[in-house]
Structures are given as structure tokens and as C-alpha cells.
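Written below as C-alpha cells is the structure these notes are about.
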Amino acid sequence: MSYQKLKNNFKSYKRLLESDTLGSFDFFTYTVCLDSIDTKTYNDFQKALNLKDHGTLLKFTPLTAHELTHFIDSTSTLWGMKHLLKMSEAYCSNNTKGGQEAEFHKAKNFLEHTRSLRFPNYYTVVSKDVEPTRPWQSRITIGKLFDLDGKLSDRPILFSNFSNIHGTLLARSPISTVSILEASAMSNEMVSRVGLIEKLEGDAKYVERAIHKRDFFDYIYNQNITEYSVCVHILANHLECKDLFIAFQICSIITRIVLNFPDALLEKVIASAKIHEILRIPNGHEFEGRMYSGVKYGNLGILYYLICKSLPKYTQESKLKMIDGVEESLGRLGLSFSSINTEACKEAEEITSKLKESKLNAIRILASVGRDNFHKISMKSASLDFSNLSTPAIYLGDGEEVRIFNNNENLLNEVKIEHIFDELYEGQEWVERFSEACSA
């Protein structure tokens, strides 16, 4: 049964998203699971929809929004399409799929790519015995990654060093691909949760507002998972924004841009952006050089940081000014919403055309879904409208398969989880089996 295989899978790979304790998304099989929701709770949710019982919906809808955002970001952005392409090449390199030995390296490359979404624990430092008294302080530093041979590479890694109110180090967190993905998911979770809370009446609204504020502050001020909250910290600190809801909305727009950043525009940023002016450091500083190197390699954390640091202070003042502020920020990098969208659409079509030639039916299905959703999502949107997108069936915590959004345009309406899982799980097994054979 695919559900049991999925749970066994997460014993080793769910570490990519350790903050997702209530739900999970698998980057190898594209399976979504709401681990904390059983069939009874789901049935209560269905009744709550009809009764417009927003209190009950609060237990279910924000979590669903979080995990489905991971699915959308992993299929319907340029980053997600590239991940699918690497997956297709890796899984099809298997000799049983007609692959040749000269192509086997694609299996190992994909495993290392997926593991690198979250940097190894070596790069994270957490001070266990330091009290995380607020407000926190943050200092950005930059280093270099070690390659697979244990030597320093020329690839940079950006860190946020968090200290408590007394200036004592709490954590050093890298800004990784998982940081970007988690910021995107948390933004949609927050929008969903706030929307439901505002529909409550009387004392219930004030109680849920207080719970919501407490929960999200506990999340961003947890020094053990700062790799997941670092993006909103960077943005809020730069804008001096105290409203978490606004901070996450702006964060959502920027993560959407970063996940859809076209390769064709990386050189444009290198040629146009005056990084020393944006970061207020001396021209020619080593930090500046490493930032340019990060842009060259398409480092998502560095792109996110540059956009944030280019934001004008007024960005947080209103929804309209959010867009104006991000547009001005992009301008400092030699870009615009229009130029990014134009190039992203070109690259999306190129990648999709390759994915549609995959030997794996699951990949071809996900490629069609990704292309369809990509064209429905505006880069200026601070949230996702799941009722208008193609989303998959999901597993509940007791193994029941359910569909949350069943709109007529959903390309996955007739696709069961096993139709995708079984083929991709077979590919994952091949990738792991070959990778174990690789040695010096």
C-alpha cells in the first residue's frame, strides 16, 4: 500500500521539513499527507463547510493550505519544474527504463540535489542553553559551501546570526531553498487562518486572534527552526515591520518571484545591480563579490535577500504599496514584474515541453498540472486561490484518501494518489540503490 510506503519514506527524508509536524509533503513522490487529521476530523470539516462553522475549519484549512502550497511550488514554478526535470532524468536513467550506464550519474545528482534543499546540520548552529529573550537581533554573514570532496567550493552560503536581547548567540541559520519554500507555505497558511478568524463573531474572534498571534510568534521565535522562519525575519527587520500578517504577505510575493526567477535574467542582475549600494558596504568588498557569485549560481536565498534589502520602507503601508515597493526593489536590480514574467513564461514552456516527453506517465501528468497552474498564478499575488487550481488527492493521518478541492477544472480530479506515487516511488528506489553503489 502506497500510504505505508510513504510513511516509511518519511522516516529518513521528512527531515527536509521538520517544522511540518502536522502535515507533510514528499519531494520524491509528490505526495501530500495531513498527518494530524483523521477521517472523523475530515468528516467534521465537510459538515463545517456546509454550516460555515469557521471554528472547525480553523483546525483543517490552514494546514491544508500549507501543504498544498508545497505541492504548487514544486510543480507550478520554474524551480518546481526544474526539480521535476531532474527527477525525470534521474528516474529514467534506470536500465529497466532504457537508461545507459553513462546516464546513471543523473540518479546520484538528483539525490544530492534533493538533500541540498535543506543544508546539512553542520551549517546550522543552535545554542541550547541560551534563553531566547525578545526582541531578537540579527546579523547577516556569508561563507562558502564545502563540496562533496570536503573542499571549499566557490558557491556562497548566506547566514542569519540570531541573538537574544542581551546579544548572546541563539542560532546561526543558513538561508536555504527550504527556507524559501517554508516561507511561501507559511504565508498561505497565515492568510487562510486570518481569513477564517475574521469571519468569527463575538468573543470567539478575539480568543482566536490571541491564539493566532501567540502561535505565530512562538513559531518565528523558536531558535531550533530558524532555517524555516529566517525569510520573514529578514523582511520584517529591513522594513521595521511589526505586523506579521503584512510581513508574510510581502514575503509571499517575493518568494513567488524567487521561485520563478528566470535563468535568462541572472546576468542582467549581475550587470545592473549595485550590490554595495543596496547593502551599504564598500565597493569591492568580499561580501559583495560572494553575493554576485550567488546570483550567478541562481542561489534562491541570495536572490531573496537582495530583493528584500532593495525594498523601500513604504512597502508595508498598504496592499497597493506592497506591489509598488516590490516593483521599485526589482528596478534596483535592473528588473521588473513584466520582464520576470515574460522570461519565466518562456522558460516554463521550454521545461514543460521536455517534461511532456518523459517516459514516466506520472511526470507527464504533473507537467500538465504545473503548466496549467503556472499560468493561473500572478506573481503579484500574496496568496493562492486553491479552489481555482489543480491540486492532488491527499492522505489523511489514518491512510484515507480524500480530495479537498474538486473544481471542474482540476486536472487531477480523476487521478488517484497511487497513479503518481507508485511510479515515482519506483524511481526513488532506483536513485537510492544506485547512490549506495557510488564510492571513491
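In the C-alpha cells, each chain is lettered A, B, ... as it comes, each chain's residues begin at 1, and ligands are numbered from 1 in order of appearance.
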- Write out as a PyMOL selection string all residues of region 300-374 of chain A that backbone DSSP assigns to alpha helix (DSSP H). chain A and resi 300-309+319-332+337-355+361-374
Contacts between region 110-132 of chain A and region 195-280 of chain A, please, where a residue of region 195-280 of chain A counts if it comes within 9 Å (with only C-alpha atoms); show its shortest atom pair and distance in Å to one decimal, rows by chain and ascending number, as a Markdown table.
| residue | atom | partner | partner_atom | distance |
| --- | --- | --- | --- | --- |
| A:Tyr221 | CA | A:Pro132 | CA | 7.5 |
| A:Asn222 | CA | A:Pro132 | CA | 7.9 |
| A:Gln223 | CA | A:Val126 | CA | 6.8 |
| A:Asn224 | CA | A:Val126 | CA | 6.5 |
| A:Glu227 | CA | A:Thr124 | CA | 8.2 |
Got a sec: who's within 10 Å of region 260-276 of chain A, counting only C-alpha atoms, leaving out chain neighbours fewer than 6 positions off, as a PDB file with N, CA and C atoms, in the first residue's frame?
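So result-v5.pdb came out as:
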ATOM      1  N   ASP A  73       4.271  24.867  -5.321  1.00  0.00           N
ATOM      2  CA  ASP A  73       5.620  25.397  -5.543  1.00  0.00           C
ATOM      3  C   ASP A  73       6.535  24.380  -6.198  1.00  0.00           C
ATOM      4  N   SER A  76       4.492  24.082 -10.084  1.00  0.00           N
ATOM      5  CA  SER A  76       3.935  25.198 -10.850  1.00  0.00           C
ATOM      6  C   SER A  76       4.776  26.462 -10.780  1.00  0.00           C
ATOM      7  N   THR A  77       6.056  26.324 -10.439  1.00  0.00           N
ATOM      8  CA  THR A  77       7.026  27.410 -10.501  1.00  0.00           C
ATOM      9  C   THR A  77       8.198  26.925 -11.340  1.00  0.00           C
ATOM     10  N   LEU A  78       9.046  27.839 -11.787  1.00  0.00           N
ATOM     11  CA  LEU A  78      10.230  27.414 -12.542  1.00  0.00           C
ATOM     12  C   LEU A  78      11.096  26.489 -11.704  1.00  0.00           C
ATOM     13  N   TRP A  79      11.240  26.816 -10.402  1.00  0.00           N
ATOM     14  CA  TRP A  79      12.039  25.942  -9.546  1.00  0.00           C
ATOM     15  C   TRP A  79      11.434  24.543  -9.505  1.00  0.00           C
ATOM     16  N   GLY A  80      10.125  24.464  -9.325  1.00  0.00           N
ATOM     17  CA  GLY A  80       9.453  23.169  -9.249  1.00  0.00           C
ATOM     18  C   GLY A  80       9.565  22.380 -10.542  1.00  0.00           C
ATOM     19  N   MET A  81       9.437  23.070 -11.677  1.00  0.00           N
ATOM     20  CA  MET A  81       9.557  22.397 -12.973  1.00  0.00           C
ATOM     21  C   MET A  81      10.973  21.859 -13.179  1.00  0.00           C
ATOM     22  N   ILE A 254       7.524  37.929  -2.698  1.00  0.00           N
ATOM     23  CA  ILE A 254       8.946  37.799  -3.038  1.00  0.00           C
ATOM     24  C   ILE A 254       9.338  36.338  -3.257  1.00  0.00           C
ATOM     25  N   PRO A 282      31.342  48.736   1.424  1.00  0.00           N
ATOM     26  CA  PRO A 282      32.317  49.315   0.492  1.00  0.00           C
ATOM     27  C   PRO A 282      32.304  48.611  -0.863  1.00  0.00           C
ATOM     28  N   ASN A 283      32.473  49.394  -1.924  1.00  0.00           N
ATOM     29  CA  ASN A 283      32.557  48.832  -3.272  1.00  0.00           C
ATOM     30  C   ASN A 283      33.759  47.889  -3.351  1.00  0.00           C
ATOM     31  N   GLY A 284      33.546  46.677  -3.875  1.00  0.00           N
ATOM     32  CA  GLY A 284      34.619  45.704  -3.996  1.00  0.00           C
ATOM     33  C   GLY A 284      34.828  44.848  -2.765  1.00  0.00           C
ATOM     34  N   HIS A 285      33.980  45.014  -1.745  1.00  0.00           N
ATOM     35  CA  HIS A 285      34.078  44.215  -0.516  1.00  0.00           C
ATOM     36  C   HIS A 285      33.897  42.728  -0.844  1.00  0.00           C
ATOM     37  N   PHE A 287      32.217  40.539   0.653  1.00  0.00           N
ATOM     38  CA  PHE A 287      30.796  40.178   0.782  1.00  0.00           C
ATOM     39  C   PHE A 287      30.089  40.429  -0.554  1.00  0.00           C
ATOM     40  N   GLU A 288      30.379  41.559  -1.172  1.00  0.00           N
ATOM     41  CA  GLU A 288      29.760  41.894  -2.453  1.00  0.00           C
ATOM     42  C   GLU A 288      30.131  40.865  -3.514  1.00  0.00           C
ATOM     43  N   GLY A 289      31.406  40.490  -3.566  1.00  0.00           N
ATOM     44  CA  GLY A 289      31.853  39.509  -4.545  1.00  0.00           C
ATOM     45  C   GLY A 289      31.138  38.179  -4.399  1.00  0.00           C
ATOM     46  N   MET A 291      28.185  37.743  -3.076  1.00  0.00           N
ATOM     47  CA  MET A 291      26.779  37.932  -3.462  1.00  0.00           C
ATOM     48  C   MET A 291      26.621  37.817  -4.971  1.00  0.00           C
ATOM     49  N   TYR A 292      27.543  38.441  -5.730  1.00  0.00           N
ATOM     50  CA  TYR A 292      27.490  38.317  -7.186  1.00  0.00           C
ATOM     51  C   TYR A 292      27.646  36.856  -7.605  1.00  0.00           C
ATOM     52  N   SER A 293      28.522  36.129  -6.916  1.00  0.00           N
ATOM     53  CA  SER A 293      28.710  34.712  -7.209  1.00  0.00           C
ATOM     54  C   SER A 293      27.417  33.934  -6.952  1.00  0.00           C
ATOM     55  N   GLY A 294      26.726  34.283  -5.856  1.00  0.00           N
ATOM     56  CA  GLY A 294      25.460  33.635  -5.546  1.00  0.00           C
ATOM     57  C   GLY A 294      24.407  33.883  -6.602  1.00  0.00           C
ATOM     58  N   VAL A 295      24.367  35.104  -7.124  1.00  0.00           N
ATOM     59  CA  VAL A 295      23.425  35.420  -8.203  1.00  0.00           C
ATOM     60  C   VAL A 295      23.757  34.590  -9.435  1.00  0.00           C
ATOM     61  N   LYS A 296      25.043  34.484  -9.768  1.00  0.00           N
ATOM     62  CA  LYS A 296      25.469  33.705 -10.939  1.00  0.00           C
ATOM     63  C   LYS A 296      24.956  32.269 -10.856  1.00  0.00           C
ATOM     64  N   TYR A 297      25.003  31.686  -9.664  1.00  0.00           N
ATOM     65  CA  TYR A 297      24.554  30.306  -9.479  1.00  0.00           C
ATOM     66  C   TYR A 297      23.038  30.195  -9.244  1.00  0.00           C
ATOM     67  N   GLY A 298      22.336  31.318  -9.236  1.00  0.00           N
ATOM     68  CA  GLY A 298      20.890  31.269  -9.024  1.00  0.00           C
ATOM     69  C   GLY A 298      20.513  30.875  -7.612  1.00  0.00           C
ATOM     70  N   LEU A 300      18.783  30.864  -4.428  1.00  0.00           N
ATOM     71  CA  LEU A 300      17.486  31.449  -4.097  1.00  0.00           C
ATOM     72  C   LEU A 300      17.543  32.330  -2.857  1.00  0.00           C
ATOM     73  N   LEU A 303      19.115  35.701  -3.839  1.00  0.00           N
ATOM     74  CA  LEU A 303      18.164  36.494  -4.623  1.00  0.00           C
ATOM     75  C   LEU A 303      17.091  37.089  -3.712  1.00  0.00           C
ATOM     76  N   LEU A 306      18.582  40.001  -1.636  1.00  0.00           N
ATOM     77  CA  LEU A 306      18.788  41.214  -2.417  1.00  0.00           C
ATOM     78  C   LEU A 306      17.483  41.962  -2.671  1.00  0.00           C
ATOM     79  N   LYS A 309      16.400  43.609   0.668  1.00  0.00           N
ATOM     80  CA  LYS A 309      17.230  44.759   1.039  1.00  0.00           C
ATOM     81  C   LYS A 309      17.045  45.937   0.091  1.00  0.00           C
ATOM     82  N   SER A 310      16.424  45.696  -1.058  1.00  0.00           N
ATOM     83  CA  SER A 310      16.153  46.781  -2.012  1.00  0.00           C
ATOM     84  C   SER A 310      14.775  47.403  -1.802  1.00  0.00           C
ATOM     85  N   LEU A 330      12.742  45.602  -7.498  1.00  0.00           N
ATOM     86  CA  LEU A 330      13.202  44.908  -8.703  1.00  0.00           C
ATOM     87  C   LEU A 330      13.929  45.862  -9.639  1.00  0.00           C
ATOM     88  N   GLY A 331      13.462  47.114  -9.678  1.00  0.00           N
ATOM     89  CA  GLY A 331      14.105  48.110 -10.522  1.00  0.00           C
ATOM     90  C   GLY A 331      15.560  48.336 -10.142  1.00  0.00           C
ATOM     91  N   ARG A 332      15.861  48.261  -8.854  1.00  0.00           N
ATOM     92  CA  ARG A 332      17.244  48.445  -8.394  1.00  0.00           C
ATOM     93  C   ARG A 332      18.138  47.284  -8.834  1.00  0.00           C
ATOM     94  N   LEU A 333      17.505  46.189  -9.236  1.00  0.00           N
ATOM     95  CA  LEU A 333      18.252  45.023  -9.732  1.00  0.00           C
ATOM     96  C   LEU A 333      18.234  44.955 -11.259  1.00  0.00           C
ATOM     97  N   GLY A 334      17.657  45.994 -11.891  1.00  0.00           N
ATOM     98  CA  GLY A 334      17.578  46.023 -13.346  1.00  0.00           C
ATOM     99  C   GLY A 334      16.430  45.207 -13.897  1.00  0.00           C
ATOM    100  N   LEU A 335      15.415  44.954 -13.065  1.00  0.00           N
ATOM    101  CA  LEU A 335      14.314  44.070 -13.428  1.00  0.00           C
ATOM    102  C   LEU A 335      12.966  44.754 -13.245  1.00  0.00           C
ATOM    103  N   SER A 339       9.329  42.025 -16.931  1.00  0.00           N
ATOM    104  CA  SER A 339      10.465  41.311 -17.525  1.00  0.00           C
ATOM    105  C   SER A 339      10.598  39.904 -16.940  1.00  0.00           C
ATOM    106  N   ILE A 340      10.356  39.777 -15.638  1.00  0.00           N
ATOM    107  CA  ILE A 340      10.433  38.455 -14.996  1.00  0.00           C
ATOM    108  C   ILE A 340       9.340  37.549 -15.540  1.00  0.00           C
ATOM    109  N   ASN A 341       8.127  38.069 -15.642  1.00  0.00           N
ATOM    110  CA  ASN A 341       7.008  37.269 -16.126  1.00  0.00           C
ATOM    111  C   ASN A 341       7.239  36.808 -17.568  1.00  0.00           C
ATOM    112  N   THR A 342       7.719  37.718 -18.420  1.00  0.00           N
ATOM    113  CA  THR A 342       7.953  37.374 -19.820  1.00  0.00           C
ATOM    114  C   THR A 342       8.968  36.244 -19.961  1.00  0.00           C
ATOM    115  N   GLU A 343      10.099  36.381 -19.277  1.00  0.00           N
ATOM    116  CA  GLU A 343      11.145  35.357 -19.374  1.00  0.00           C
ATOM    117  C   GLU A 343      10.742  34.071 -18.672  1.00  0.00           C
ATOM    118  N   ALA A 344      10.017  34.194 -17.551  1.00  0.00           N
ATOM    119  CA  ALA A 344       9.565  32.998 -16.830  1.00  0.00           C
ATOM    120  C   ALA A 344       8.620  32.171 -17.694  1.00  0.00           C
ATOM    121  N   CYS A 345       7.736  32.846 -18.420  1.00  0.00           N
ATOM    122  CA  CYS A 345       6.798  32.126 -19.290  1.00  0.00           C
ATOM    123  C   CYS A 345       7.549  31.367 -20.382  1.00  0.00           C
ATOM    124  N   LYS A 346       8.586  31.987 -20.938  1.00  0.00           N
ATOM    125  CA  LYS A 346       9.385  31.310 -21.965  1.00  0.00           C
ATOM    126  C   LYS A 346      10.053  30.063 -21.400  1.00  0.00           C
ATOM    127  N   GLU A 347      10.677  30.211 -20.235  1.00  0.00           N
ATOM    128  CA  GLU A 347      11.389  29.077 -19.646  1.00  0.00           C
ATOM    129  C   GLU A 347      10.431  27.981 -19.201  1.00  0.00           C
ATOM    130  N   ALA A 348       9.247  28.388 -18.717  1.00  0.00           N
ATOM    131  CA  ALA A 348       8.248  27.393 -18.297  1.00  0.00           C
ATOM    132  C   ALA A 348       7.816  26.536 -19.484  1.00  0.00           C
ATOM    133  N   PHE A 374       0.674  27.330 -13.359  1.00  0.00           N
ATOM    134  CA  PHE A 374       1.634  28.422 -13.559  1.00  0.00           C
ATOM    135  C   PHE A 374       0.966  29.627 -14.201  1.00  0.00           C
ATOM    136  N   MET A 379       2.319  36.642 -10.236  1.00  0.00           N
ATOM    137  CA  MET A 379       3.483  36.865  -9.380  1.00  0.00           C
ATOM    138  C   MET A 379       3.254  38.011  -8.403  1.00  0.00           C
TER     139      MET A 379
END
- With distances taken over only C-alpha atoms, which of A:Thr69, A:Gln249, A:Asn95, A:Ser163 is nearest to Ser318 (chain A)? A:Gln249
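Considering only region 382-417 of chain A, backbone DSSP assigns strand (DSSP E or B) to Ile394, Tyr395, Leu396, Glu401 and Val402 of chain A.
Minimum atom-to-atom distance to Ser368 (chain A), evaluated using only C-alpha atoms, belongs to A:Thr75 out of A:Thr96, A:Ser2, A:Thr315, A:Thr75.
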- Which is closest to Glu286 (chain A) among A:Leu411, A:Ala102, A:Ile142, A:Ala65, if we use only C-alpha atoms? A:Ile142
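With CA of Glu101 (chain A) on one side and CA of Phe434 (chain A) on the other, the separation reads 10.7 Å.
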